[in-house]
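Structure file my_file_23.cif (mmCIF, C-alpha atoms) follows.
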```cif
data_structure
loop_
_atom_site.label_atom_id
_atom_site.label_comp_id
_atom_site.auth_asym_id
_atom_site.auth_seq_id
_atom_site.Cartn_x
_atom_site.Cartn_y
_atom_site.Cartn_z
CA MET A 1 -7.10 -8.73 2.07
CA SER A 2 -4.29 -10.25 4.09
CA GLU A 3 -1.01 -11.42 2.57
CA HIS A 4 -2.10 -15.01 3.24
CA ASP A 5 -5.37 -14.55 1.28
CA THR A 6 -3.58 -12.81 -1.56
CA ILE A 7 -1.03 -15.60 -1.86
CA ARG A 8 -3.79 -18.21 -1.64
CA GLU A 9 -5.32 -16.76 -4.80
CA LEU A 10 -2.00 -17.00 -6.60
CA LEU A 11 -1.34 -20.69 -5.85
CA ALA A 12 -3.27 -22.14 -8.80
CA LEU A 13 -1.45 -19.75 -11.12
CA ALA A 14 1.84 -20.68 -9.46
CA ALA A 15 1.25 -24.34 -10.31
CA ALA A 16 0.33 -23.25 -13.85
CA GLY A 17 3.62 -21.36 -14.16
CA ALA A 18 1.69 -18.19 -14.91
CA LEU A 19 3.15 -15.80 -12.35
CA THR A 20 5.59 -12.96 -12.87
CA PRO A 21 9.04 -13.44 -11.31
CA ALA A 22 8.10 -11.00 -8.53
CA GLU A 23 4.89 -12.91 -7.76
CA GLU A 24 6.77 -16.20 -7.80
CA GLN A 25 9.26 -14.83 -5.30
CA ARG A 26 6.43 -13.61 -3.09
CA VAL A 27 4.68 -17.00 -3.18
CA ALA A 28 7.92 -18.88 -2.50
CA GLU A 29 8.67 -16.75 0.56
CA HIS A 30 5.17 -17.17 1.96
CA VAL A 31 4.97 -20.90 1.31
CA ARG A 32 8.20 -21.46 3.25
CA SER A 33 6.52 -20.24 6.41
CA CYS A 34 2.87 -21.26 5.80
CA ILE A 35 2.09 -24.98 5.91
CA ALA A 36 -1.52 -24.50 4.75
CA CYS A 37 -0.42 -22.67 1.60
CA SER A 38 2.41 -25.12 1.05
CA ASN A 39 -0.09 -28.02 1.14
CA GLU A 40 -2.47 -26.15 -1.09
CA LEU A 41 0.27 -25.53 -3.66
CA GLU A 42 1.15 -29.23 -3.57
CA ALA A 43 -2.53 -30.06 -4.19
CA TRP A 44 -2.46 -28.00 -7.40
CA ARG A 45 0.67 -29.59 -8.80
CA PRO A 46 -0.76 -32.98 -9.94
CA ILE A 47 -3.60 -31.21 -11.77
CA ALA A 48 -1.15 -28.97 -13.60
CA ARG A 49 1.13 -31.92 -14.33
CA GLU A 50 -1.64 -34.12 -15.71
CA LEU A 51 -3.05 -31.27 -17.80
CA ARG A 52 0.32 -31.09 -19.53
CA ARG A 53 0.20 -34.82 -20.19
CA LEU A 54 -3.29 -35.16 -21.63
CA PRO A 55 -3.32 -37.30 -24.76
CA THR A 56 -3.13 -35.33 -27.97
CA PRO A 57 -5.98 -36.15 -30.32
CA GLN A 58 -4.64 -36.37 -33.85
CA PRO A 59 -6.36 -35.51 -37.12
CA SER A 60 -6.79 -38.41 -39.51
CA SER A 61 -4.46 -38.60 -42.49
CA TRP A 62 -7.56 -38.37 -44.69
CA LEU A 63 -8.43 -35.01 -43.12
CA VAL A 64 -4.90 -33.70 -43.60
CA GLN A 65 -4.79 -34.80 -47.24
CA ALA A 66 -8.23 -33.37 -47.97
CA THR A 67 -7.27 -30.08 -46.30
CA LEU A 68 -4.06 -29.87 -48.29
CA ALA A 69 -5.90 -30.58 -51.55
CA ARG A 70 -8.53 -27.89 -50.89
CA ALA A 71 -5.91 -25.37 -49.78
CA GLU A 72 -3.77 -26.07 -52.85
CA ALA A 73 -6.81 -25.57 -55.09
CA THR A 74 -7.46 -22.23 -53.37
CA LEU A 75 -3.81 -21.24 -53.85
CA ALA A 76 -4.00 -22.12 -57.57
CA GLU A 77 -7.22 -20.15 -57.95
CA GLN A 78 -5.66 -17.15 -56.20
CA ALA A 79 -2.59 -17.37 -58.44
CA GLU A 80 -4.82 -17.39 -61.52
CA GLN A 81 -6.80 -14.40 -60.27
CA ASP A 82 -3.57 -12.53 -59.54
CA TRP A 83 -2.27 -13.29 -63.02
CA ASN A 84 -5.55 -12.13 -64.58
CA ARG A 85 -5.43 -8.93 -62.58
CA ARG A 86 -1.86 -8.24 -63.60
CA ALA A 87 -2.65 -9.05 -67.23
CA LEU A 88 -5.62 -6.70 -67.16
CA ILE A 89 -3.54 -3.88 -65.72
CA GLY A 90 -0.86 -4.55 -68.33
CA VAL A 91 -3.32 -4.50 -71.22
CA VAL A 92 -4.95 -1.26 -70.07
CA ALA A 93 -1.56 0.39 -69.48
CA PHE A 94 -0.37 -0.76 -72.90
CA SER A 95 -3.47 0.58 -74.64
CA TRP A 96 -3.04 3.97 -73.00
CA LEU A 97 0.59 4.01 -74.01
CA LEU A 98 -0.39 3.22 -77.56
CA THR A 99 -2.93 6.05 -77.48
CA LEU A 100 -0.28 8.51 -76.35
CA ALA A 101 2.17 7.27 -78.94
CA SER A 102 -0.44 7.41 -81.67
CA TRP A 103 -1.03 11.09 -80.95
CA ALA A 104 2.15 12.11 -82.69
CA VAL A 105 1.34 9.91 -85.69
CA PHE A 106 -2.22 11.19 -85.87
CA HIS A 107 -0.99 14.77 -85.61
CA GLU A 108 1.40 14.29 -88.49
CA VAL A 109 -1.08 12.45 -90.72
CA SER A 110 -3.98 14.82 -90.06
CA GLU A 111 -1.76 17.85 -90.68
CA ARG A 112 -0.62 16.50 -94.02
CA PHE A 113 -3.90 15.13 -95.37
CA GLY A 114 -6.50 17.13 -93.42
CA SER A 115 -5.27 20.44 -94.81
CA MET A 116 -5.35 18.97 -98.31
CA LEU A 117 -9.01 17.92 -97.90
CA ALA A 118 -10.24 21.05 -96.10
CA PRO A 119 -7.96 23.93 -95.20
CA GLN A 120 -10.20 25.11 -92.37
CA PHE A 121 -10.01 21.66 -90.75
CA SER A 122 -9.05 22.04 -87.06
CA HIS A 123 -7.02 18.87 -86.62
CA PRO A 124 -5.68 19.39 -83.04
CA TRP A 125 -9.22 19.29 -81.63
CA ILE A 126 -10.17 16.25 -83.65
CA GLY A 127 -7.04 14.51 -82.39
CA PHE A 128 -7.79 15.43 -78.83
CA ALA A 129 -11.36 14.14 -79.11
CA PHE A 130 -10.13 10.94 -80.70
CA MET A 131 -7.64 10.39 -77.90
CA ALA A 132 -10.21 11.16 -75.20
CA LEU A 133 -12.56 8.62 -76.72
CA GLU A 134 -9.86 5.98 -76.67
CA TRP A 135 -9.09 6.74 -73.02
CA LEU A 136 -12.75 6.55 -72.08
CA ALA A 137 -13.17 3.27 -73.93
CA GLY A 138 -10.09 1.83 -72.15
CA ALA A 139 -11.35 2.97 -68.74
CA ALA A 140 -14.83 1.57 -69.41
CA ALA A 141 -13.33 -1.77 -70.44
CA ALA A 142 -11.22 -1.85 -67.26
CA VAL A 143 -14.27 -1.14 -65.08
CA VAL A 144 -16.38 -3.77 -66.84
CA LEU A 145 -13.64 -6.41 -66.50
CA ALA A 146 -13.01 -5.55 -62.84
CA VAL A 147 -16.73 -5.85 -62.03
CA HIS A 148 -16.88 -9.13 -63.92
CA GLN A 149 -13.89 -10.47 -61.95
CA ARG A 150 -15.42 -9.40 -58.65
CA ASP A 151 -18.67 -11.18 -59.51
CA GLU A 152 -16.72 -14.31 -60.41
CA ARG A 153 -14.89 -14.23 -57.09
CA ARG A 154 -18.18 -13.75 -55.23
CA LEU A 155 -19.74 -16.74 -56.99
CA ALA A 156 -16.67 -18.87 -56.22
CA MET B 1 18.77 -26.41 -22.37
CA VAL B 2 20.94 -24.70 -24.95
CA GLY B 3 20.18 -27.52 -27.38
CA ALA B 4 16.43 -27.12 -26.85
CA ALA B 5 16.70 -23.35 -27.38
CA ALA B 6 18.68 -23.90 -30.55
CA LEU B 7 16.09 -26.41 -31.81
CA SER B 8 13.31 -23.97 -30.98
CA LEU B 9 15.10 -21.16 -32.81
CA GLU B 10 15.69 -23.46 -35.75
CA GLY B 11 11.97 -24.28 -35.79
CA LEU B 12 11.04 -20.59 -35.79
CA VAL B 13 13.41 -19.88 -38.67
CA ALA B 14 11.95 -22.81 -40.63
CA VAL B 15 8.42 -21.49 -40.01
CA ASP B 16 9.43 -18.01 -41.16
CA ALA B 17 10.92 -19.50 -44.32
CA ASP B 18 7.77 -21.57 -44.95
CA VAL B 19 5.56 -18.53 -44.42
CA ALA B 20 7.66 -16.48 -46.87
CA ARG B 21 7.42 -19.29 -49.44
CA LEU B 22 3.68 -19.63 -48.91
CA ARG B 23 3.29 -15.91 -49.60
CA ARG B 24 4.83 -16.63 -53.00
CA GLY B 25 2.29 -19.41 -53.56
CA ASP B 26 4.58 -22.36 -52.86
CA THR B 27 2.37 -25.39 -52.14
CA ASN B 28 5.25 -27.34 -50.58
CA ALA B 29 5.51 -24.65 -47.91
CA LEU B 30 1.80 -25.07 -47.21
CA SER B 31 2.26 -28.82 -46.87
CA GLU B 32 5.11 -28.30 -44.40
CA LEU B 33 3.16 -25.81 -42.32
CA ILE B 34 0.16 -28.14 -42.14
CA ALA B 35 2.41 -31.04 -41.13
CA ARG B 36 4.04 -28.89 -38.46
CA TYR B 37 0.86 -27.56 -36.88
CA GLN B 38 -1.77 -30.21 -37.66
CA ASN B 39 -1.82 -31.90 -34.23
CA ARG B 40 -1.74 -28.70 -32.23
CA LEU B 41 -4.40 -27.01 -34.30
CA TYR B 42 -6.72 -30.01 -34.31
CA ARG B 43 -6.35 -30.47 -30.54
CA TYR B 44 -7.09 -26.79 -29.92
CA LEU B 45 -10.21 -26.89 -32.11
CA LEU B 46 -11.39 -30.12 -30.55
CA ARG B 47 -11.00 -28.67 -27.05
CA ILE B 48 -13.11 -25.69 -28.09
CA VAL B 49 -15.94 -27.34 -30.03
CA ARG B 50 -15.64 -30.83 -28.47
CA GLN B 51 -17.20 -32.60 -31.46
CA PRO B 52 -14.65 -34.27 -33.81
CA ALA B 53 -16.75 -33.68 -36.95
CA GLU B 54 -16.97 -29.95 -36.17
CA ALA B 55 -13.28 -29.78 -35.31
CA GLU B 56 -12.44 -31.43 -38.65
CA ASP B 57 -14.55 -28.95 -40.58
CA LEU B 58 -12.98 -26.02 -38.73
CA PHE B 59 -9.52 -27.48 -39.29
CA GLN B 60 -10.08 -27.31 -43.06
CA GLN B 61 -11.62 -23.85 -42.86
CA THR B 62 -8.68 -22.56 -40.83
CA TRP B 63 -6.11 -23.64 -43.41
CA LEU B 64 -8.20 -22.19 -46.23
CA ARG B 65 -8.32 -18.94 -44.27
CA VAL B 66 -4.53 -19.10 -43.85
CA VAL B 67 -4.12 -19.35 -47.62
CA GLU B 68 -6.53 -16.47 -48.21
CA LYS B 69 -5.02 -14.18 -45.57
CA ILE B 70 -1.32 -15.03 -45.70
CA GLY B 71 -0.70 -11.88 -47.73
CA SER B 72 -1.87 -9.75 -44.80
CA PHE B 73 0.08 -11.71 -42.15
CA ASP B 74 2.35 -9.42 -40.17
CA ALA B 75 5.74 -11.15 -40.26
CA SER B 76 6.71 -9.53 -36.95
CA ARG B 77 4.05 -11.67 -35.23
CA LYS B 78 4.45 -15.33 -34.35
CA PHE B 79 2.80 -17.52 -36.94
CA ASP B 80 1.30 -19.93 -34.41
CA ALA B 81 -0.40 -17.09 -32.50
CA TRP B 82 -1.87 -15.83 -35.79
CA LEU B 83 -2.94 -19.34 -36.80
CA PHE B 84 -4.68 -19.93 -33.47
CA THR B 85 -6.38 -16.54 -33.68
CA LEU B 86 -7.81 -17.43 -37.10
CA ALA B 87 -8.94 -20.82 -35.78
CA ARG B 88 -10.45 -19.24 -32.70
CA ASN B 89 -12.45 -16.70 -34.69
CA LEU B 90 -13.82 -19.43 -36.95
CA ALA B 91 -14.63 -21.68 -33.98
CA ILE B 92 -16.42 -18.92 -32.09
CA ASP B 93 -18.42 -17.93 -35.18
CA HIS B 94 -19.33 -21.58 -35.60
CA LEU B 95 -20.41 -21.97 -31.97
CA ARG B 96 -22.46 -18.78 -32.12
CA ARG B 97 -24.21 -20.07 -35.23
CA VAL B 98 -24.68 -23.71 -34.25
CA ARG B 99 -24.88 -23.71 -30.46
CA PRO B 100 -25.33 -20.15 -29.23
CA ARG B 101 -25.42 -21.19 -25.58
CA SER B 102 -22.29 -23.30 -25.72
CA LEU B 103 -19.98 -20.32 -25.30
CA ASP B 104 -21.13 -19.88 -21.72
CA GLU B 105 -22.58 -23.16 -20.61
CA PRO B 106 -21.17 -26.64 -20.35
CA LEU B 107 -22.60 -29.21 -22.70
CA ALA B 108 -23.10 -32.85 -21.85
CA ASN B 109 -20.53 -34.63 -23.92
CA SER B 110 -18.87 -37.94 -24.30
CA ARG B 111 -15.22 -38.36 -23.47
CA HIS B 112 -12.94 -36.90 -26.06
CA GLY B 113 -9.32 -37.72 -26.50
CA GLU B 114 -9.60 -41.13 -24.90
CA THR B 115 -9.76 -42.89 -28.25
CA VAL B 116 -6.20 -41.87 -28.94
CA ALA B 117 -4.97 -42.26 -25.38
CA ASP B 118 -3.65 -45.70 -26.10
CA ARG B 119 -1.49 -44.37 -28.91
CA ILE B 120 0.40 -42.09 -26.55
CA PRO B 121 3.35 -43.71 -24.83
CA SER B 122 2.98 -43.46 -21.08
CA HIS B 123 5.77 -42.35 -18.77
CA ASP B 124 4.32 -44.16 -15.79
CA ASP B 125 6.20 -47.08 -14.38
CA THR B 126 4.15 -50.18 -13.50
CA PRO B 127 0.98 -51.42 -15.20
CA LEU B 128 -0.97 -50.29 -12.11
CA ASP B 129 0.57 -46.81 -12.31
CA GLN B 130 -0.24 -46.69 -15.99
CA ALA B 131 -3.85 -47.73 -15.38
CA LEU B 132 -4.26 -45.12 -12.65
CA ALA B 133 -2.66 -42.44 -14.77
CA ALA B 134 -4.93 -43.32 -17.70
CA GLU B 135 -7.94 -43.13 -15.40
CA ARG B 136 -6.81 -39.78 -14.01
CA ARG B 137 -6.34 -38.38 -17.50
CA ALA B 138 -9.72 -39.66 -18.65
CA GLU B 139 -11.36 -38.00 -15.64
CA LEU B 140 -9.40 -34.83 -16.20
CA SER B 141 -10.35 -34.82 -19.86
CA ASP B 142 -14.02 -35.32 -18.98
CA ALA B 143 -13.94 -32.62 -16.31
CA MET B 144 -12.24 -30.23 -18.70
CA ALA B 145 -14.81 -30.92 -21.43
CA GLU B 146 -17.57 -29.88 -19.03
CA LEU B 147 -16.07 -26.44 -18.42
CA PRO B 148 -17.30 -23.38 -20.32
CA MET B 149 -15.58 -22.74 -23.62
CA MET B 150 -13.44 -19.78 -22.39
CA TYR B 151 -12.04 -21.95 -19.59
CA ARG B 152 -11.34 -24.96 -21.82
CA GLU B 153 -9.58 -22.65 -24.20
CA VAL B 154 -7.29 -21.02 -21.66
CA LEU B 155 -6.40 -24.42 -20.18
CA THR B 156 -5.45 -25.94 -23.51
CA LEU B 157 -3.46 -22.87 -24.56
CA ARG B 158 -1.53 -22.79 -21.29
CA PHE B 159 -0.96 -26.47 -20.56
CA GLU B 160 -1.13 -28.22 -23.91
CA GLU B 161 0.15 -25.47 -26.21
CA GLU B 162 2.45 -24.21 -23.46
CA MET B 163 1.82 -20.62 -24.48
CA LYS B 164 2.92 -17.77 -22.25
CA ILE B 165 0.20 -15.64 -20.69
CA GLU B 166 1.07 -12.79 -23.08
CA GLU B 167 0.72 -15.10 -26.07
CA ILE B 168 -2.66 -16.34 -24.82
CA ALA B 169 -3.74 -12.72 -24.46
CA GLN B 170 -2.71 -12.12 -28.06
CA VAL B 171 -4.64 -15.14 -29.37
CA THR B 172 -7.78 -14.47 -27.34
CA GLY B 173 -7.67 -10.70 -27.72
CA VAL B 174 -8.09 -9.92 -24.02
CA PRO B 175 -5.78 -8.27 -21.47
CA VAL B 176 -3.19 -10.31 -19.57
CA SER B 177 -5.11 -9.74 -16.33
CA THR B 178 -8.22 -11.33 -17.88
CA VAL B 179 -6.21 -14.33 -19.05
CA LYS B 180 -4.85 -14.81 -15.54
CA SER B 181 -8.25 -14.57 -13.94
CA ARG B 182 -9.74 -16.99 -16.49
CA LEU B 183 -6.88 -19.41 -15.89
CA ARG B 184 -7.34 -19.29 -12.12
CA ARG B 185 -11.10 -19.75 -12.34
CA SER B 186 -10.78 -22.58 -14.85
CA LEU B 187 -8.37 -24.41 -12.56
CA GLU B 188 -10.63 -23.87 -9.57
CA GLN B 189 -13.66 -25.20 -11.45
CA LEU B 190 -11.66 -28.13 -12.73
CA ARG B 191 -10.49 -29.02 -9.26
CA SER B 192 -14.04 -28.76 -7.88
CA ALA B 193 -15.23 -31.10 -10.61
CA LEU B 194 -12.45 -33.57 -9.85
CA ASP B 195 -13.20 -33.42 -6.12
CA ALA B 196 -16.88 -34.17 -6.72
CA PRO B 197 -18.01 -37.42 -5.05
CA ASP B 198 -19.24 -38.93 -8.32
CA ARG B 199 -15.72 -38.86 -9.77
CA GLY B 200 -13.51 -41.93 -9.44
CA ALA B 201 -10.93 -42.36 -6.77
CA ALA B 202 -7.98 -41.67 -9.02
CA TRP B 203 -7.77 -38.07 -7.79
CA GLN B 204 -8.66 -38.72 -4.17
#
```

Before anything else, please render the file you have as structure tokens.
Amino acid sequence: MSEHDTIRELLALAAAGALTPAEEQRVAEHVRSCIACSNELEAWRPIARELRRLPTPQPSSWLVQATLARAEATLAEQAEQDWNRRALIGVVAFSWLLTLASWAVFHEVSERFGSMLAPQFSHPWIGFAFMALEWLAGAAAAVVLAVHQRDERRLA
Amino acid sequence: MVGAAALSLEGLVAVDADVARLRRGDTNALSELIARYQNRLYRYLLRIVRQPAEAEDLFQQTWLRVVEKIGSFDASRKFDAWLFTLARNLAIDHLRRVRPRSLDEPLANSRHGETVADRIPSHDDTPLDQALAAERRAELSDAMAELPMMYREVLTLRFEEEMKIEEIAQVTGVPVSTVKSRLRRSLEQLRSALDAPDRGAAWQ
């Protein structure tokens, strides 16, 4: 392809201001010495100019207000879901903390009273089982609530 | 020039602040972002789908998507490029669902944009100049509406949104070379349409 043909292909983009500085330089140099390309570039300019000046269609104020109202409702819903999620995490974390803290109390109480009731009573294992049950119950509750929340979001 | 750059920078900073506030759930920030981008976004959607009712529906969907996805917005990106990408994805999904052929083929359509043309102050001098300019723009608008969707899109992003080629590539998700070739072809098709004998004399 000759330089003339190459430049010819760049003229529409030149009018659109879409060339690199090097390409612009190349076009400018060629156009100075080529009347056909110079005329062709001038033919592109009014199209590019008028494209920039096309009237801008505007959304109605009703549409903008309705959009804002729907978006705000979505934001509020998201905020509520976030709060619920945080509250759920907090409750589960708190219950686990309580379980851990109660271990010491349970240990003390079972040692004092368990040995009085039955000397062969193996209280550490009972305590461990009790704690494991609490953990499992907490985890199950978290899973159930998370699934419930996901279903609610899907329905929404 | 310096003043315009300063204003532009000021605008970018304001957008960044609004985006940060929206991430925290501030509804005023949302209102300001909608006010800032409503005309540009609506025009872009209307150029793509061509039907005002569809553009209005997509306009709402786009802002709802913004609210849903703002947490995953990469603050190093430009907000308008991200906004137009969301709008584009929704518009293309819509066109695929509603008019599967419209992505490639022109669709007979009434003039769009001309209903608001009178609201736009003209920069042309005499009443005759103004009439001719209005006619030229109406013809241009019609010719543009008859182009395939990819060509309408690249024209509106370049000339109406004044995006750089790299920004258009970011919004459309194609390489810069593809954007350039689409832009050249769209201009060539537009010019052919305007040169057609059945068009008025405003471009002759």

Got a sec to resolve the PyMOL selection byres ((chain B and resi 18) around 8) on this structure and send the residues as a ChimeraX atom specification?
-> /B:14-17,19-22,29-30,32-33

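Against this structure, the PyMOL selection byres ((chain B and resi 55) around 10) ends up with Pro59 of chain A; Leu41, Tyr42, Arg43, Tyr44, Leu45, Leu46, Arg47, Ile48, Val49, Arg50, Gln51, Pro52, Ala53, Glu54, Glu56, Asp57, Leu58, Phe59, Gln60, Gln61, Ala87 and Ala91 of chain B.
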
Export of prior selection with C-alpha atoms as an mmCIF file, in the coordinates of the input:
```cif
data_model
loop_
_atom_site.group_PDB
_atom_site.id
_atom_site.type_symbol
_atom_site.label_atom_id
_atom_site.label_comp_id
_atom_site.auth_asym_id
_atom_site.auth_seq_id
_atom_site.Cartn_x
_atom_site.Cartn_y
_atom_site.Cartn_z
ATOM 1 C CA PRO A 59 -6.360 -35.510 -37.120
ATOM 2 C CA LEU B 41 -4.400 -27.010 -34.300
ATOM 3 C CA TYR B 42 -6.720 -30.010 -34.310
ATOM 4 C CA ARG B 43 -6.350 -30.470 -30.540
ATOM 5 C CA TYR B 44 -7.090 -26.790 -29.920
ATOM 6 C CA LEU B 45 -10.210 -26.890 -32.110
ATOM 7 C CA LEU B 46 -11.390 -30.120 -30.550
ATOM 8 C CA ARG B 47 -11.000 -28.670 -27.050
ATOM 9 C CA ILE B 48 -13.110 -25.690 -28.090
ATOM 10 C CA VAL B 49 -15.940 -27.340 -30.030
ATOM 11 C CA ARG B 50 -15.640 -30.830 -28.470
ATOM 12 C CA GLN B 51 -17.200 -32.600 -31.460
ATOM 13 C CA PRO B 52 -14.650 -34.270 -33.810
ATOM 14 C CA ALA B 53 -16.750 -33.680 -36.950
ATOM 15 C CA GLU B 54 -16.970 -29.950 -36.170
ATOM 16 C CA GLU B 56 -12.440 -31.430 -38.650
ATOM 17 C CA ASP B 57 -14.550 -28.950 -40.580
ATOM 18 C CA LEU B 58 -12.980 -26.020 -38.730
ATOM 19 C CA PHE B 59 -9.520 -27.480 -39.290
ATOM 20 C CA GLN B 60 -10.080 -27.310 -43.060
ATOM 21 C CA GLN B 61 -11.620 -23.850 -42.860
ATOM 22 C CA ALA B 87 -8.940 -20.820 -35.780
ATOM 23 C CA ALA B 91 -14.630 -21.680 -33.980
#
```

Could you list the residues chosen by the PyMOL selection byres ((chain A) within 12 of (chain B)) in this structure as a compact mmCIF listing (two decimals) with C-alpha atoms, in the coordinates of the input?
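Okay, expr-v4.txt is ready:
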```txt
# COMPACT_ATOMS: atom_id res chain seq x y z
CA ARG A 8 -3.79 -18.21 -1.64
CA GLU A 9 -5.32 -16.76 -4.80
CA LEU A 10 -2.00 -17.00 -6.60
CA LEU A 11 -1.34 -20.69 -5.85
CA ALA A 12 -3.27 -22.14 -8.80
CA LEU A 13 -1.45 -19.75 -11.12
CA ALA A 14 1.84 -20.68 -9.46
CA ALA A 15 1.25 -24.34 -10.31
CA ALA A 16 0.33 -23.25 -13.85
CA GLY A 17 3.62 -21.36 -14.16
CA ALA A 18 1.69 -18.19 -14.91
CA LEU A 19 3.15 -15.80 -12.35
CA THR A 20 5.59 -12.96 -12.87
CA GLU A 40 -2.47 -26.15 -1.09
CA ALA A 43 -2.53 -30.06 -4.19
CA TRP A 44 -2.46 -28.00 -7.40
CA ARG A 45 0.67 -29.59 -8.80
CA PRO A 46 -0.76 -32.98 -9.94
CA ILE A 47 -3.60 -31.21 -11.77
CA ALA A 48 -1.15 -28.97 -13.60
CA ARG A 49 1.13 -31.92 -14.33
CA GLU A 50 -1.64 -34.12 -15.71
CA LEU A 51 -3.05 -31.27 -17.80
CA ARG A 52 0.32 -31.09 -19.53
CA ARG A 53 0.20 -34.82 -20.19
CA LEU A 54 -3.29 -35.16 -21.63
CA PRO A 55 -3.32 -37.30 -24.76
CA THR A 56 -3.13 -35.33 -27.97
CA PRO A 57 -5.98 -36.15 -30.32
CA GLN A 58 -4.64 -36.37 -33.85
CA PRO A 59 -6.36 -35.51 -37.12
CA SER A 60 -6.79 -38.41 -39.51
CA SER A 61 -4.46 -38.60 -42.49
CA TRP A 62 -7.56 -38.37 -44.69
CA LEU A 63 -8.43 -35.01 -43.12
CA VAL A 64 -4.90 -33.70 -43.60
CA GLN A 65 -4.79 -34.80 -47.24
CA ALA A 66 -8.23 -33.37 -47.97
CA THR A 67 -7.27 -30.08 -46.30
CA LEU A 68 -4.06 -29.87 -48.29
CA ALA A 69 -5.90 -30.58 -51.55
CA ARG A 70 -8.53 -27.89 -50.89
CA ALA A 71 -5.91 -25.37 -49.78
CA GLU A 72 -3.77 -26.07 -52.85
CA ALA A 73 -6.81 -25.57 -55.09
CA THR A 74 -7.46 -22.23 -53.37
CA LEU A 75 -3.81 -21.24 -53.85
CA ALA A 76 -4.00 -22.12 -57.57
CA GLU A 77 -7.22 -20.15 -57.95
CA GLN A 78 -5.66 -17.15 -56.20
CA ALA A 79 -2.59 -17.37 -58.44
CA GLU A 80 -4.82 -17.39 -61.52
CA ASP A 82 -3.57 -12.53 -59.54
```

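Going from CA of Phe106 in chain A to CA of Ala141 in chain A covers 23.0 Å.
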
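Of note, CA of Ser177 in chain B and CA of Arg32 in chain A are spaced 26.4 Å apart.
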
Go through B:Ala169, B:Ala193, B:Met150, B:Val13 and flag the residue nearest Phe79 in chain B, using all atoms listed in the file for the distances.
-> B:Val13

Which distance in Å separates CA of Thr6 in chain A and CA of Gln189 in chain B, to one decimal?
-> 18.8 Å

Find the spatial neighbours of Leu145 in chain A, counting only C-alpha atoms, within a cut-off of 9 Å - ignore same-chain residues fewer than 5 positions away - and output them as a ChimeraX atom specification.
-> /A:88,140,150

When distances are computed from all atoms listed in the file, which of A:Gln149, A:Asn84, A:Ser95, A:Ser2 shows the smallest separation from Ala137 in chain A?
-> A:Ser95

Complete range 53-64 of chain B with N, CA and C atoms (output as a compact mmCIF listing (two decimals), in the frame of the given file).
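Ended up saving to rebuild_2.txt:
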```txt
# COMPACT_ATOMS: atom_id res chain seq x y z
N ALA B 53 -16.33 -34.06 -35.58
CA ALA B 53 -16.75 -33.68 -36.95
C ALA B 53 -16.66 -32.16 -37.13
N GLU B 54 -17.04 -31.42 -36.08
CA GLU B 54 -16.97 -29.95 -36.17
C GLU B 54 -15.52 -29.49 -36.17
N ALA B 55 -14.71 -30.15 -35.36
CA ALA B 55 -13.28 -29.78 -35.31
C ALA B 55 -12.63 -30.03 -36.68
N GLU B 56 -13.02 -31.12 -37.33
CA GLU B 56 -12.44 -31.43 -38.65
C GLU B 56 -12.83 -30.37 -39.68
N ASP B 57 -14.08 -29.97 -39.64
CA ASP B 57 -14.55 -28.95 -40.58
C ASP B 57 -13.81 -27.63 -40.33
N LEU B 58 -13.67 -27.28 -39.07
CA LEU B 58 -12.98 -26.02 -38.73
C LEU B 58 -11.49 -26.09 -39.07
N PHE B 59 -10.93 -27.28 -38.93
CA PHE B 59 -9.52 -27.48 -39.29
C PHE B 59 -9.30 -27.12 -40.77
N GLN B 60 -10.20 -27.63 -41.63
CA GLN B 60 -10.08 -27.31 -43.06
C GLN B 60 -10.29 -25.82 -43.30
N GLN B 61 -11.32 -25.28 -42.66
CA GLN B 61 -11.62 -23.85 -42.86
C GLN B 61 -10.45 -22.97 -42.42
N THR B 62 -9.81 -23.38 -41.34
CA THR B 62 -8.68 -22.56 -40.83
C THR B 62 -7.56 -22.50 -41.85
N TRP B 63 -7.22 -23.66 -42.44
CA TRP B 63 -6.11 -23.64 -43.41
C TRP B 63 -6.49 -22.89 -44.68
N LEU B 64 -7.77 -22.98 -45.07
CA LEU B 64 -8.20 -22.19 -46.23
C LEU B 64 -8.08 -20.70 -45.92
```
